[in-house]
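Dropping target.cif in here (mmCIF, C-alpha atoms):
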```
data_data
loop_
_atom_site.label_atom_id
_atom_site.label_comp_id
_atom_site.auth_asym_id
_atom_site.auth_seq_id
_atom_site.Cartn_x
_atom_site.Cartn_y
_atom_site.Cartn_z
CA MET I 1 60.44 28.70 -46.37
CA GLU I 2 57.07 30.40 -46.46
CA TYR I 3 57.74 31.46 -50.08
CA ARG I 4 58.52 27.85 -50.95
CA HIS I 5 55.15 26.69 -49.49
CA LEU I 6 53.28 29.39 -51.42
CA ALA I 7 54.97 28.40 -54.68
CA ARG I 8 54.11 24.73 -54.12
CA ALA I 9 50.51 25.63 -53.30
CA ALA I 10 50.28 27.68 -56.50
CA VAL I 11 51.56 24.76 -58.58
CA LEU I 12 49.03 22.40 -57.00
CA LEU I 13 46.23 24.91 -57.59
CA VAL I 14 47.13 25.26 -61.27
CA ALA I 15 47.30 21.47 -61.62
CA PHE I 16 43.89 21.12 -59.94
CA PHE I 17 42.22 23.59 -62.31
CA ALA I 18 43.96 22.06 -65.33
CA HIS I 19 42.66 18.63 -64.33
CA SER I 20 39.13 20.01 -63.80
CA LEU I 21 39.10 21.66 -67.21
CA SER I 22 40.43 18.48 -68.81
CA ALA I 23 37.71 16.44 -67.14
CA GLN I 24 35.05 18.79 -68.54
CA ARG I 25 36.46 18.77 -72.06
CA PRO I 26 34.60 16.22 -74.23
CA VAL I 27 36.64 13.40 -75.71
CA ALA I 28 36.81 13.75 -79.48
CA TRP I 29 34.54 11.22 -81.15
CA HIS I 30 35.84 9.13 -84.04
CA ASP I 31 33.57 7.79 -86.78
CA PRO I 32 34.42 4.07 -87.03
CA SER I 33 32.79 3.51 -90.43
CA PRO I 34 35.40 2.57 -93.08
CA HIS I 35 34.78 5.46 -95.45
CA VAL I 36 36.79 8.28 -96.91
CA ILE I 37 35.15 11.73 -96.77
CA ARG I 38 35.52 14.36 -99.46
CA PHE I 39 33.61 17.47 -100.45
CA VAL I 40 32.39 18.10 -103.99
CA THR I 41 31.36 21.51 -105.33
CA VAL I 42 28.00 21.19 -107.07
CA ASP I 43 26.90 24.83 -107.33
CA ARG I 44 28.26 28.27 -106.59
CA GLY I 45 29.13 28.27 -102.91
CA VAL I 46 27.64 24.79 -102.37
CA LYS I 47 29.71 21.75 -101.42
CA LEU I 48 28.33 18.32 -100.63
CA GLU I 49 29.80 15.73 -98.30
CA VAL I 50 30.51 12.52 -100.21
CA LEU I 51 31.36 9.27 -98.44
CA ASP I 52 33.37 6.56 -100.20
CA TRP I 53 33.25 3.13 -98.60
CA GLY I 54 35.40 1.59 -101.32
CA GLY I 55 34.69 -1.80 -102.85
CA SER I 56 34.80 -2.96 -106.44
CA GLY I 57 32.29 -3.53 -109.20
CA ARG I 58 29.43 -1.42 -110.47
CA PRO I 59 29.21 1.97 -108.70
CA LEU I 60 26.36 2.31 -106.22
CA VAL I 61 25.32 5.74 -104.88
CA LEU I 62 23.23 5.94 -101.69
CA LEU I 63 20.91 8.90 -101.04
CA ALA I 64 19.42 9.45 -97.59
CA GLY I 65 15.85 10.22 -96.54
CA LEU I 66 14.54 13.48 -95.13
CA GLY I 67 16.40 14.63 -92.05
CA ASN I 68 19.28 12.20 -92.56
CA THR I 69 22.79 12.38 -93.97
CA ALA I 70 24.82 9.81 -95.88
CA HIS I 71 26.10 8.57 -92.49
CA VAL I 72 22.74 6.86 -91.99
CA PHE I 73 24.22 4.17 -94.27
CA ASP I 74 27.43 3.74 -92.24
CA ASP I 75 26.42 0.24 -91.10
CA PHE I 76 24.60 -0.77 -94.30
CA ALA I 77 27.10 0.37 -96.95
CA PRO I 78 30.05 -1.85 -95.89
CA LYS I 79 27.81 -4.91 -96.45
CA LEU I 80 27.69 -3.96 -100.16
CA THR I 81 31.36 -3.38 -100.92
CA SER I 82 32.09 -7.01 -101.79
CA GLU I 83 29.95 -6.57 -104.93
CA TYR I 84 29.95 -2.82 -105.65
CA ARG I 85 31.92 0.42 -105.33
CA VAL I 86 29.78 2.24 -102.78
CA TYR I 87 29.33 5.99 -102.28
CA GLY I 88 26.91 8.13 -100.28
CA ILE I 89 25.91 11.77 -100.75
CA THR I 90 24.66 14.13 -98.05
CA ARG I 91 22.30 16.52 -99.83
CA ARG I 92 22.57 20.27 -99.42
CA GLY I 93 20.92 21.62 -96.30
CA PHE I 94 22.01 18.78 -94.01
CA GLY I 95 24.95 17.62 -91.95
CA ALA I 96 28.39 18.71 -93.12
CA SER I 97 27.14 19.76 -96.57
CA SER I 98 26.53 23.43 -97.34
CA ILE I 99 23.22 24.89 -96.16
CA PRO I 100 22.31 27.58 -98.70
CA ALA I 101 19.07 29.53 -98.47
CA SER I 102 17.73 28.15 -101.76
CA GLY I 103 18.11 25.31 -104.24
CA TYR I 104 15.85 22.64 -102.75
CA SER I 105 13.59 21.71 -105.64
CA ALA I 106 13.79 18.04 -106.58
CA ASP I 107 15.38 18.85 -109.95
CA ARG I 108 18.03 21.06 -108.34
CA LEU I 109 18.83 18.28 -105.88
CA GLY I 110 18.92 15.87 -108.81
CA ASP I 111 21.39 18.18 -110.55
CA ASP I 112 23.52 18.10 -107.41
CA VAL I 113 23.66 14.30 -107.70
CA LEU I 114 24.65 14.55 -111.37
CA ALA I 115 27.41 17.02 -110.48
CA VAL I 116 28.83 14.52 -107.99
CA LEU I 117 28.69 11.75 -110.61
CA ASP I 118 30.61 14.02 -113.00
CA THR I 119 33.28 14.86 -110.43
CA LEU I 120 33.75 11.22 -109.44
CA LYS I 121 33.58 10.17 -113.11
CA LEU I 122 30.99 7.48 -112.37
CA ALA I 123 29.65 5.81 -115.50
CA ARG I 124 26.05 4.59 -115.25
CA PRO I 125 25.86 3.90 -111.51
CA VAL I 126 22.84 2.52 -109.70
CA LEU I 127 21.16 5.14 -107.53
CA VAL I 128 19.65 3.91 -104.26
CA GLY I 129 17.37 6.33 -102.41
CA HIS I 130 15.49 6.12 -99.13
CA SER I 131 12.21 7.96 -98.46
CA ILE I 132 12.24 11.56 -99.80
CA ALA I 133 15.27 10.69 -101.96
CA GLY I 134 12.77 9.11 -104.33
CA GLY I 135 12.37 12.63 -105.71
CA GLU I 136 16.05 12.86 -106.62
CA LEU I 137 15.95 9.37 -108.15
CA SER I 138 12.96 10.24 -110.32
CA SER I 139 14.46 13.60 -111.27
CA VAL I 140 17.63 11.99 -112.59
CA GLY I 141 15.86 8.95 -114.05
CA SER I 142 13.23 10.97 -115.92
CA ARG I 143 15.57 13.64 -117.32
CA HIS I 144 18.81 11.72 -117.82
CA PRO I 145 18.09 7.97 -117.97
CA GLU I 146 21.24 7.47 -120.05
CA ARG I 147 23.37 8.53 -117.06
CA ILE I 148 22.32 5.65 -114.81
CA ALA I 149 21.93 1.89 -114.96
CA GLY I 150 18.94 1.70 -112.63
CA LEU I 151 17.06 3.14 -109.67
CA ILE I 152 16.31 1.46 -106.34
CA TYR I 153 13.58 3.07 -104.22
CA LEU I 154 13.71 2.05 -100.55
CA GLU I 155 10.36 3.09 -99.11
CA ALA I 156 10.74 6.00 -101.54
CA ALA I 157 8.32 5.43 -104.45
CA TYR I 158 5.32 7.45 -103.32
CA GLY I 159 3.71 10.61 -104.74
CA HIS I 160 6.92 12.63 -104.66
CA ALA I 161 8.56 10.01 -106.90
CA TYR I 162 5.73 9.28 -109.34
CA TYR I 163 2.76 11.53 -110.08
CA ASP I 164 -0.46 10.17 -111.58
CA PRO I 165 -2.55 13.14 -112.76
CA SER I 166 -5.76 11.19 -112.17
CA LYS I 167 -4.80 10.49 -108.54
CA GLY I 168 -2.72 13.58 -107.77
CA ASP I 169 -0.47 14.37 -104.83
CA PHE I 170 -1.64 16.59 -101.98
CA VAL I 171 1.49 18.73 -101.66
CA LEU I 172 1.98 19.20 -105.40
CA ASP I 173 -1.68 19.91 -106.05
CA LEU I 174 -1.91 22.28 -103.09
CA GLN I 175 0.94 24.33 -104.54
CA LYS I 176 -0.75 24.39 -107.95
CA LEU I 177 -4.11 25.32 -106.41
CA GLN I 178 -2.53 28.19 -104.49
CA LYS I 179 -0.93 29.45 -107.69
CA ASN I 180 -4.21 29.23 -109.64
CA LEU I 181 -6.21 30.97 -106.92
CA GLY I 182 -3.58 33.71 -106.79
CA GLN I 183 -3.92 34.11 -110.54
CA LEU I 184 -7.68 34.54 -110.18
CA GLN I 185 -7.27 37.00 -107.34
CA SER I 186 -4.92 39.23 -109.33
CA ALA I 187 -6.83 39.03 -112.64
CA ASN I 188 -8.17 42.30 -114.04
CA ASP I 189 -10.88 40.54 -116.04
CA LEU I 190 -12.16 37.15 -114.93
CA THR I 191 -13.55 36.61 -118.44
CA ASP I 192 -9.99 35.96 -119.56
CA GLU I 193 -9.66 33.34 -116.85
CA LYS I 194 -12.62 31.23 -118.02
CA PRO I 195 -10.43 28.25 -119.06
CA LEU I 196 -8.72 28.29 -115.67
CA ILE I 197 -12.07 28.45 -113.83
CA GLU I 198 -13.36 25.49 -115.83
CA GLU I 199 -10.22 23.49 -115.11
CA LEU I 200 -10.56 24.24 -111.40
CA LEU I 201 -14.22 23.18 -111.32
CA ASP I 202 -13.90 20.12 -113.57
CA THR I 203 -10.54 18.69 -112.54
CA THR I 204 -8.44 20.44 -109.91
CA LEU I 205 -10.98 20.93 -107.11
CA PRO I 206 -12.62 17.45 -107.36
CA ARG I 207 -9.20 15.83 -107.31
CA PHE I 208 -8.12 18.00 -104.40
CA GLU I 209 -11.27 17.02 -102.50
CA ARG I 210 -10.34 13.35 -102.90
CA GLU I 211 -6.83 14.10 -101.68
CA LEU I 212 -8.21 15.87 -98.62
CA GLU I 213 -10.25 12.76 -97.82
CA SER I 214 -7.07 10.66 -98.05
CA LEU I 215 -5.25 13.19 -95.88
CA ARG I 216 -8.02 13.00 -93.29
CA LEU I 217 -7.51 9.23 -93.14
CA GLU I 218 -3.76 9.68 -92.75
CA VAL I 219 -3.91 12.28 -89.97
CA SER I 220 -6.56 10.26 -88.12
CA GLN I 221 -4.49 7.08 -88.35
CA ARG I 222 -4.62 5.24 -85.06
CA GLN I 223 -0.97 5.83 -84.20
CA PRO I 224 0.26 4.29 -80.95
CA SER I 225 1.84 6.83 -78.63
CA GLU I 226 5.57 6.83 -79.30
CA PRO I 227 7.88 6.85 -76.25
CA THR I 228 10.31 9.70 -75.72
CA PRO I 229 13.90 9.28 -74.49
CA THR I 230 14.62 10.07 -70.85
CA ASP I 231 17.52 12.16 -69.60
CA ALA I 232 19.38 8.92 -68.98
CA ASP I 233 18.78 7.85 -72.60
CA ARG I 234 20.29 11.16 -73.75
CA GLU I 235 23.29 10.87 -71.44
CA SER I 236 25.49 9.83 -74.37
CA PHE I 237 25.14 9.04 -78.05
CA ASP I 238 25.69 5.35 -77.31
CA ALA I 239 22.88 5.46 -74.74
CA TYR I 240 20.57 7.15 -77.25
CA HIS I 241 21.44 4.52 -79.86
CA SER I 242 20.63 1.76 -77.36
CA TRP I 243 17.29 3.42 -76.55
CA GLU I 244 16.32 3.51 -80.24
CA LYS I 245 17.20 -0.16 -80.70
CA ARG I 246 15.17 -1.06 -77.61
CA ILE I 247 12.11 0.93 -78.71
CA PHE I 248 12.11 0.50 -82.49
CA GLY I 249 14.06 -2.73 -82.92
CA PHE I 250 16.95 -1.00 -84.72
CA GLY I 251 18.78 2.29 -84.58
CA PRO I 252 20.69 4.56 -86.93
CA PRO I 253 24.47 4.43 -86.62
CA VAL I 254 25.93 6.50 -83.81
CA SER I 255 27.74 8.45 -86.52
CA GLU I 256 24.37 9.55 -87.90
CA LEU I 257 23.22 10.64 -84.44
CA HIS I 258 26.31 12.85 -84.24
CA GLN I 259 25.28 14.41 -87.55
CA LYS I 260 21.70 14.97 -86.40
CA PHE I 261 22.11 16.26 -82.84
CA GLU I 262 24.23 18.79 -81.07
CA SER I 263 26.53 17.50 -78.35
CA SER I 264 26.80 19.14 -74.94
CA PRO I 265 30.25 19.69 -73.38
CA ASP I 266 29.79 16.60 -71.23
CA GLY I 267 28.78 14.39 -74.17
CA HIS I 268 25.01 14.44 -73.69
CA VAL I 269 22.76 14.34 -76.77
CA GLY I 270 21.54 17.90 -77.29
CA THR I 271 19.00 19.55 -79.54
CA GLU I 272 18.51 18.64 -83.18
CA LYS I 273 20.74 20.56 -85.57
CA ALA I 274 19.17 23.05 -87.96
CA ASN I 275 18.50 21.73 -91.46
CA LYS I 276 16.33 22.34 -94.52
CA GLU I 277 13.74 19.57 -94.09
CA ASN I 278 10.78 21.80 -94.89
CA ALA I 279 12.40 23.26 -98.01
CA VAL I 280 13.15 19.78 -99.39
CA PHE I 281 9.65 18.54 -98.57
CA LEU I 282 8.04 21.49 -100.35
CA GLY I 283 10.47 21.21 -103.28
CA ARG I 284 8.87 18.04 -104.63
CA GLN I 285 7.96 17.94 -108.32
CA ALA I 286 5.72 15.86 -110.56
CA TYR I 287 7.37 12.95 -112.40
CA THR I 288 5.24 10.92 -114.77
CA ASP I 289 7.76 9.03 -116.92
CA ILE I 290 10.84 7.21 -115.63
CA PRO I 291 12.26 5.26 -118.59
CA CYS I 292 14.91 3.19 -116.83
CA PRO I 293 15.03 -0.04 -114.81
CA VAL I 294 13.39 0.37 -111.40
CA LEU I 295 13.19 -1.63 -108.19
CA ALA I 296 10.77 -0.33 -105.55
CA ILE I 297 10.70 -1.90 -102.08
CA TYR I 298 7.88 -1.06 -99.66
CA ALA I 299 7.09 -1.70 -96.01
CA VAL I 300 3.39 -2.58 -95.91
CA PRO I 301 2.00 -2.72 -93.36
CA GLU I 302 4.69 -0.64 -91.73
CA ASP I 303 6.10 -1.87 -88.42
CA LEU I 304 6.69 0.68 -85.66
CA GLY I 305 8.80 -1.56 -83.45
CA PRO I 306 8.71 -3.52 -80.19
CA PHE I 307 7.08 -0.70 -78.26
CA VAL I 308 3.67 -1.62 -79.73
CA ASP I 309 4.09 -5.41 -79.55
CA ASP I 310 2.51 -5.60 -76.11
CA ASP I 311 -0.71 -3.99 -77.40
CA PRO I 312 -2.18 -6.29 -80.10
CA VAL I 313 -5.31 -4.13 -80.49
CA ALA I 314 -3.27 -1.00 -81.21
CA ARG I 315 -1.02 -2.94 -83.55
CA ALA I 316 -3.92 -4.39 -85.53
CA ALA I 317 -5.53 -0.96 -85.85
CA PHE I 318 -2.27 0.61 -87.05
CA ASP I 319 -1.70 -2.23 -89.54
CA ALA I 320 -5.13 -1.73 -91.06
CA ASP I 321 -4.59 2.01 -91.43
CA SER I 322 -1.10 1.48 -92.83
CA VAL I 323 -2.39 -0.80 -95.58
CA ALA I 324 -5.31 1.53 -96.38
CA ILE I 325 -2.98 4.50 -96.80
CA ARG I 326 -0.04 2.84 -98.56
CA GLU I 327 -1.59 0.31 -100.92
CA PRO I 328 -3.35 2.87 -103.19
CA LEU I 329 -0.04 4.73 -103.56
CA ILE I 330 1.85 1.52 -104.31
CA LYS I 331 -0.71 0.41 -106.88
CA THR I 332 -0.51 3.82 -108.55
CA PHE I 333 3.24 3.38 -108.91
CA GLU I 334 2.82 -0.17 -110.24
CA ALA I 335 0.22 0.89 -112.79
CA GLY I 336 2.22 3.90 -113.96
CA LEU I 337 5.51 2.00 -114.27
CA PRO I 338 4.48 -1.55 -115.23
CA SER I 339 8.08 -2.56 -116.02
CA ALA I 340 9.22 -1.75 -112.47
CA ARG I 341 9.90 -4.58 -110.04
CA VAL I 342 7.81 -3.90 -106.93
CA VAL I 343 8.45 -5.79 -103.69
CA ARG I 344 6.47 -5.61 -100.44
CA TYR I 345 7.87 -6.56 -97.04
CA PRO I 346 5.09 -7.05 -94.48
CA HIS I 347 5.83 -5.56 -91.06
CA ALA I 348 9.06 -3.90 -92.09
CA ALA I 349 10.03 -0.45 -90.82
CA HIS I 350 10.18 2.70 -92.89
CA TYR I 351 13.96 2.45 -92.43
CA ILE I 352 13.69 -0.77 -94.36
CA PHE I 353 17.43 -1.14 -94.98
CA MET I 354 17.87 -1.36 -91.20
CA SER I 355 14.88 -3.48 -90.18
CA ASN I 356 15.21 -5.87 -93.17
CA GLU I 357 18.85 -5.48 -94.13
CA ALA I 358 19.37 -9.02 -95.48
CA ASP I 359 16.15 -8.93 -97.52
CA VAL I 360 17.03 -5.56 -99.06
CA ILE I 361 20.56 -6.68 -99.97
CA ARG I 362 19.20 -9.88 -101.52
CA ASP I 363 16.66 -8.06 -103.70
CA MET I 364 19.19 -5.40 -104.65
CA HIS I 365 21.59 -8.11 -105.83
CA ILE I 366 18.87 -9.81 -107.90
CA PHE I 367 17.86 -6.51 -109.52
CA ILE I 368 21.39 -5.26 -110.22
CA SER I 369 22.53 -8.61 -111.63
CA GLY I 370 19.93 -8.21 -114.39
CA LEU I 371 21.06 -4.74 -115.47
CA HIS I 372 23.07 -4.10 -118.62
#
```

Show how you would write the structure in this file as structure tokens.
Amino acid sequence: MEYRHLARAAVLLVAFFAHSLSAQRPVAWHDPSPHVIRFVTVDRGVKLEVLDWGGSGRPLVLLAGLGNTAHVFDDFAPKLTSEYRVYGITRRGFGASSIPASGYSADRLGDDVLAVLDTLKLARPVLVGHSIAGGELSSVGSRHPERIAGLIYLEAAYGHAYYDPSKGDFVLDLQKLQKNLGQLQSANDLTDEKPLIEELLDTTLPRFERELESLRLEVSQRQPSEPTPTDADRESFDAYHSWEKRIFGFGPPVSELHQKFESSPDGHVGTEKANKENAVFLGRQAYTDIPCPVLAIYAVPEDLGPFVDDDPVARAAFDADSVAIREPLIKTFEAGLPSARVVRYPHAAHYIFMSNEADVIRDMHIFISGLH
């Protein structure tokens, strides 16, 4: 009898621990976006995640901004499938794509895009890029315009996408200046470096001084203090998504949050996953000729979201700074590519395809309908 009680107690104890472990085990999350995922080899040891949302019509390829993956388009892309066959590419260094130590120059990333087009056998698609993806768009469009039908820059046509030598770009010119100064430092005879010295004095340094003045304006921009999520907001990915919508007026898909953040065993939003943001940012290159149809959509002045709406003074100050910083860059792009269609949305967010989804889709349709 005593043995029977001990055996029953043991069974109950095992069941208790099994239940406890089950309760602690996170429920597997399922991405609800209607895409098919495949991986495409683009370089030795490098595979990229490619999302296919289906659809019919001209192929459309979506490229994400810095720090994002193709899943950032999980809500936006299905709205396009009635007119186009829609794909998205997660660049190397992010999300489920390979994260090699090198290969982050804009041209290398552009070659990655071309490799995906080859594998998928896409004939003259339209490339749509957000933010830093303007570099990949310009890389492909400047070197292989015959491969694409057109380029759509979503808050992406700044200095990393088009370089005007008379205006310059701080990051590109800083890299060149560092290289030139290193050349002077290692020279055996500075007499041989006279042309370089003259170029530095006459062109490079004056231009760099102007860029530093612009940078000073940018870093001193009267930016309202951005809220940070509480522990409750990080309790789950759905809670974090709700917090972003409440603060900024929109939020990236929950699927993108899963790509960006680690998840704790109990489902809390953890730390940001490692990626190659800095390498991509520093891999920008100078593009001065983009001989293909272009649509560039800008948010000017940029809108930060509802969290600044209750402070009209802070909002007005930020708007003024936003226009002062962005308009010269936009006008440089317009002047350099006079055939481009340039559209401005006042008080749109940098994630313009989220804050102004209907407007972006409308202008994309108008642009694409005019392509050959």

**Request:** One decimal, Å: what's the distance from atom CA of Asp238 of chain I over to atom CA of Leu60 of chain I, could you say?
**Result:**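 Going from atom CA of Asp238 of chain I over to atom CA of Leu60 of chain I covers 29.1 Å.
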
**Message:** If we count only C-alpha atoms and set the cut-off at 10 Å, which residues sit around Glu83 of chain I, ignoring sequence neighbours fewer than 5 positions away in its own chain? Please answer as a ChimeraX atom specification.
**Reply:** /I:55-60,365

**Message:** List as JSON, numbers by chain the residues having at least one atom at most 10 Å from position (9.0, -5.6, -94.6) as given in the file, counting all atoms listed in the file.
**Reply:** {"I": [155, 297, 298, 299, 300, 301, 302, 303, 343, 344, 345, 346, 347, 348, 349, 350, 351, 352, 353, 355, 356, 357, 359, 360]}

**Message:** So that I can check the surroundings of Val294 of chain I, please list as JSON, numbers by chain every protein, DNA and RNA residue that reaches within 6 Å of it, counting only C-alpha atoms and ignoring chain neighbours fewer than 5 positions away.
**Reply:** {"I": [150, 151, 152, 340]}

**Asked** Mind pulling up the distance from atom CA of Ala296 of chain I to atom CA of Tyr163 of chain I?
**Response**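 That distance, rounded to one decimal, is 15.0 Å.
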
Determine the residue set returned by the PyMOL selection byres ((chain I and resi 53) around 6) for the present structure, and present it as a compact mmCIF listing (two decimals) with C-alpha atoms, in the coordinates of the input.
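The new file result-v3.txt reads:
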```txt
# COMPACT_ATOMS: atom_id res chain seq x y z
CA PRO I 34 35.40 2.57 -93.08
CA HIS I 35 34.78 5.46 -95.45
CA ASP I 52 33.37 6.56 -100.20
CA GLY I 54 35.40 1.59 -101.32
CA VAL I 86 29.78 2.24 -102.78
```

**Request:** Apply the PyMOL selection byres ((chain I and resi 280-291) around 7) to the file shown and report the selected residues as a ChimeraX atom specification.
**Result:** /I:104-106,135,138,141-142,145,160-164,172,276-279,292

**Prompt:** Quick one, how far is atom CA of Leu329 of chain I from atom CA of Tyr158 of chain I?
**Reply:**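 Result for atom CA of Leu329 of chain I versus atom CA of Tyr158 of chain I: 6.0 Å, one decimal.
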
**Item:** Selection under test: the PyMOL selection byres ((chain I and resi 133) around 7); residues as JSON, numbers by chain
**Value:** {"I": [63, 64, 65, 129, 130, 131, 132, 134, 135, 136, 137, 156]}

**Message:** My list of candidates is I:Arg207, I:Ser322, I:Gly336, I:Leu196. Which is closest to Gly182 of chain I when distances are computed with all atoms listed in the file?
**Reply:**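 That would be I:Leu196, the residue with the smallest distance to Gly182 of chain I.
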
**Item:** Pick from I:Asp112, I:Asp169, I:Glu226, I:Glu193, whichever lies nearest to Val308 of chain I using all atoms listed in the file
**Value:**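 The answer is I:Glu226, which sits nearest to Val308 of chain I.
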
Kindly complete segment 83-99 of chain I to N, CA and C atoms; the output should be written as a compact mmCIF listing (two decimals), in the frame of the given file.
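The result, written out as result-v4.txt:
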```
# COMPACT_ATOMS: atom_id res chain seq x y z
N GLU I 83 30.52 -6.46 -103.57
CA GLU I 83 29.95 -6.57 -104.93
C GLU I 83 30.02 -5.25 -105.70
N TYR I 84 30.07 -4.11 -104.99
CA TYR I 84 29.95 -2.82 -105.65
C TYR I 84 30.95 -1.82 -105.09
N ARG I 85 31.18 -0.74 -105.85
CA ARG I 85 31.92 0.42 -105.33
C ARG I 85 30.86 1.36 -104.76
N VAL I 86 30.91 1.62 -103.48
CA VAL I 86 29.78 2.24 -102.78
C VAL I 86 30.11 3.66 -102.33
N TYR I 87 29.21 4.59 -102.68
CA TYR I 87 29.33 5.99 -102.28
C TYR I 87 28.02 6.42 -101.60
N GLY I 88 28.10 7.51 -100.86
CA GLY I 88 26.91 8.13 -100.28
C GLY I 88 27.03 9.64 -100.40
N ILE I 89 25.91 10.31 -100.61
CA ILE I 89 25.91 11.77 -100.75
C ILE I 89 24.99 12.36 -99.69
N THR I 90 25.50 13.34 -98.95
CA THR I 90 24.66 14.13 -98.05
C THR I 90 24.16 15.35 -98.82
N ARG I 91 22.84 15.43 -99.02
CA ARG I 91 22.30 16.52 -99.83
C ARG I 91 22.53 17.88 -99.16
N ARG I 92 22.44 18.92 -99.96
CA ARG I 92 22.57 20.27 -99.42
C ARG I 92 21.51 20.50 -98.34
N GLY I 93 21.87 21.31 -97.36
CA GLY I 93 20.92 21.62 -96.30
C GLY I 93 21.00 20.72 -95.09
N PHE I 94 21.94 19.75 -95.11
CA PHE I 94 22.01 18.78 -94.01
C PHE I 94 23.46 18.45 -93.67
N GLY I 95 23.67 18.11 -92.40
CA GLY I 95 24.95 17.62 -91.95
C GLY I 95 26.10 18.54 -92.29
N ALA I 96 27.18 17.95 -92.80
CA ALA I 96 28.39 18.71 -93.12
C ALA I 96 28.32 19.38 -94.49
N SER I 97 27.29 19.10 -95.28
CA SER I 97 27.14 19.76 -96.57
C SER I 97 26.73 21.22 -96.37
N SER I 98 26.92 22.01 -97.41
CA SER I 98 26.53 23.43 -97.34
C SER I 98 25.03 23.55 -97.10
N ILE I 99 24.64 24.64 -96.45
CA ILE I 99 23.22 24.89 -96.16
C ILE I 99 22.83 26.25 -96.75
```
